[in-house]
Amino acid sequence: MRAVIAEDSVLLRVGLIKVLEAGGFEVVAEAGDAEGLLAAVEEYRPELALIDVRMPPGFTDEGVRAAMEIRRRWPGTPVVLLSQYVEERYAADLLSANTSGVGYLLKQRVADVADFVAAVRRVADGGTALDPQVVAQLLLRRDSDPLARLTPREREVLGLMAEGRSNAGISQSLVVSESAVAKHINNIFAKLDLPVVDADHRRVLAVLRFLGASRA
């Protein structure tokens, strides 16, 4: 699986390359700014783009804007944003356009190589991966209806859904049965007044409601 990395810190970029290659990815290009990233994606059409949120020249949101441009020009390209600090609005900006193949992780997660690679691979496979710290902050801020209808356990389940966990992953994390997880998720769908469509799409809608990113 081919990957492109955009990170202005040479030291971190080298570390990311080693981590991804150890996880079975082939890093086909690296860049230190958004312009180089877009050129690399155009040339190689990778299965994953790993992007620093803040890059030259302004060190503000260049990586976010580049990620959204990648999604516009090459739809379906999985992207993972890396950030030094929790800035959940960037995750919401990216997810508001498309929730498939999107990740937002803190750079400190790289130290836990196995979890980091698993999260990145989940995104590369079309899933979602949000940093637990981002999810925790969002849970503290979302006190208005209809999220207020959820029980503490249902909020835990929704938070893990937002991290991109499967039912099996949620079951393992909370040490409950998968049938119990499925029941909690159905309750979440009902309490959030989500339309009766396929289960995967309802999961996406639930996460969007959680992030406050839905335009509806």
# chains A, B, ... in the order shown; residues from 1 in each chain; ligands from 1

$ select_by_dssp --residues "stretch 8-162 of chain A" --states "helix (DSSP H, G or I)" --output "PyMOL selection string"
chain A and resi 10-22+34-44+62-73+88-95+107-111+113-124+132-141+147-149+152-162

$ atom_distance --atom1 "atom CA of A:Pro75" --atom2 "atom CA of A:Glu42"
12.0 Å

$ closest_atom_pairs --of "stretch 37-122 of chain A" --to "stretch 15-31 of chain A" --cutoff "12 Å" --atoms "only C-alpha atoms" --output "CSV"
residue,atom,partner,partner_atom,distance
A:Leu37,CA,A:Ala31,CA,5.4
A:Leu38,CA,A:Ala31,CA,9.0
A:Ala39,CA,A:Ala31,CA,9.1
A:Ala40,CA,A:Ala29,CA,6.3
A:Val41,CA,A:Ala29,CA,8.5
A:Glu42,CA,A:Ala29,CA,11.0
A:Glu43,CA,A:Ala29,CA,9.4
A:Tyr44,CA,A:Val28,CA,7.3
A:Arg45,CA,A:Val28,CA,9.8
A:Pro46,CA,A:Val28,CA,7.9
A:Glu47,CA,A:Phe25,CA,9.4
A:Leu48,CA,A:Phe25,CA,9.1
A:Ala49,CA,A:Val27,CA,9.7
A:Leu50,CA,A:Leu16,CA,9.0
A:Ile51,CA,A:Ala31,CA,9.3
A:Asp52,CA,A:Ala31,CA,10.2
A:Met55,CA,A:Ala31,CA,10.1
A:Pro56,CA,A:Ala31,CA,10.9
A:Gly63,CA,A:Ala31,CA,11.3
A:Leu82,CA,A:Leu16,CA,10.8
A:Lys107,CA,A:Leu16,CA,9.9
A:Gln108,CA,A:Leu16,CA,11.7
A:Arg109,CA,A:Leu16,CA,11.2
A:Val110,CA,A:Leu16,CA,7.7
A:Ala111,CA,A:Val19,CA,9.4
A:Asp112,CA,A:Val19,CA,10.0
A:Val113,CA,A:Val19,CA,6.7
A:Ala114,CA,A:Gly23,CA,8.2
A:Asp115,CA,A:Gly23,CA,10.6
A:Phe116,CA,A:Val19,CA,8.8
A:Val117,CA,A:Gly23,CA,6.1
A:Ala118,CA,A:Gly23,CA,8.5
A:Ala119,CA,A:Gly23,CA,11.1
A:Val120,CA,A:Leu20,CA,8.8
A:Arg121,CA,A:Gly23,CA,8.7

$ residues_around --residues "A:Ser173" --least-positions-apart "5" --cutoff "10 Å" --atoms "only C-alpha atoms" --output "ChimeraX atom specification"
/A:157,160,165,167-168

$ write_last_selection --atoms "N, CA, C and O atoms" --output "short mmCIF file (atom, residue, chain, number, x, y, z; two decimals), in the first residue's frame"
data_model
loop_
_atom_site.label_atom_id
_atom_site.label_comp_id
_atom_site.auth_asym_id
_atom_site.auth_seq_id
_atom_site.Cartn_x
_atom_site.Cartn_y
_atom_site.Cartn_z
N VAL A 157 -19.95 4.67 23.88
CA VAL A 157 -20.01 3.92 22.62
C VAL A 157 -19.90 4.86 21.43
O VAL A 157 -19.15 4.59 20.48
N LEU A 160 -16.35 6.00 20.94
CA LEU A 160 -15.52 4.97 20.32
C LEU A 160 -15.86 4.81 18.84
O LEU A 160 -14.99 4.54 18.01
N ARG A 165 -13.81 2.80 15.75
CA ARG A 165 -13.83 1.42 16.23
C ARG A 165 -15.01 0.64 15.65
O ARG A 165 -16.11 1.17 15.50
N ASN A 167 -17.73 -2.70 15.95
CA ASN A 167 -18.46 -3.24 17.08
C ASN A 167 -17.58 -4.15 17.93
O ASN A 167 -17.63 -4.12 19.16
N ALA A 168 -16.76 -4.96 17.27
CA ALA A 168 -15.85 -5.85 18.00
C ALA A 168 -14.83 -5.04 18.80
O ALA A 168 -14.51 -5.39 19.94
#

$ select_by_dssp --residues "chain A" --states "strand (DSSP E or B)" --output "VMD selection string"
chain A and resid 2 to 6 26 to 31 48 to 52 79 to 83 102 to 106 128 to 130

$ residues_around --residues "stretch 183-191 of chain A" --least-positions-apart "5" --cutoff "8 Å" --atoms "only C-alpha atoms" --output "JSON, numbers by chain"
{"A": [146, 147, 149, 150, 153, 154, 157, 158, 202, 206]}

$ closest_residue --among "A:Met68, A:Leu106, A:Ser166, A:Pro195" --to "A:Ala182" --atoms "only C-alpha atoms"
A:Ser166

$ atom_distance --atom1 "atom CA of A:Arg2" --atom2 "atom CA of A:Ser83"
21.8 Å

$ closest_residue --among "A:Val79, A:Leu11, A:Val181, A:Val64" --to "A:Arg122" --atoms "only C-alpha atoms"
A:Val79

$ residues_around --residues "A:Asp131" --least-positions-apart "5" --cutoff "7 Å" --atoms "only C-alpha atoms" --output "PDB file with N, CA and C atoms, in the first residue's frame"
ATOM      1  N   TYR A 104      -7.685  11.828  12.035  1.00  0.00           N
ATOM      2  CA  TYR A 104      -7.106  13.000  12.705  1.00  0.00           C
ATOM      3  C   TYR A 104      -6.478  12.481  13.994  1.00  0.00           C
ATOM      4  N   LEU A 105      -5.140  12.514  14.060  1.00  0.00           N
ATOM      5  CA  LEU A 105      -4.419  11.954  15.195  1.00  0.00           C
ATOM      6  C   LEU A 105      -3.403  12.946  15.733  1.00  0.00           C
ATOM      7  N   LEU A 106      -3.141  12.863  17.028  1.00  0.00           N
ATOM      8  CA  LEU A 106      -2.079  13.663  17.619  1.00  0.00           C
ATOM      9  C   LEU A 106      -0.733  12.981  17.352  1.00  0.00           C
ATOM     10  N   GLU A 163     -13.992   7.352  17.057  1.00  0.00           N
ATOM     11  CA  GLU A 163     -12.586   6.989  16.889  1.00  0.00           C
ATOM     12  C   GLU A 163     -12.393   6.017  15.725  1.00  0.00           C
TER      13      GLU A 163
END

$ atom_distance --atom1 "atom CA of A:Ser100" --atom2 "atom CA of A:Ala66"
17.0 Å

$ closest_residue --among "A:Arg71, A:Arg209, A:Arg65, A:Arg13" --to "A:Gly159" --atoms "only C-alpha atoms"
A:Arg209
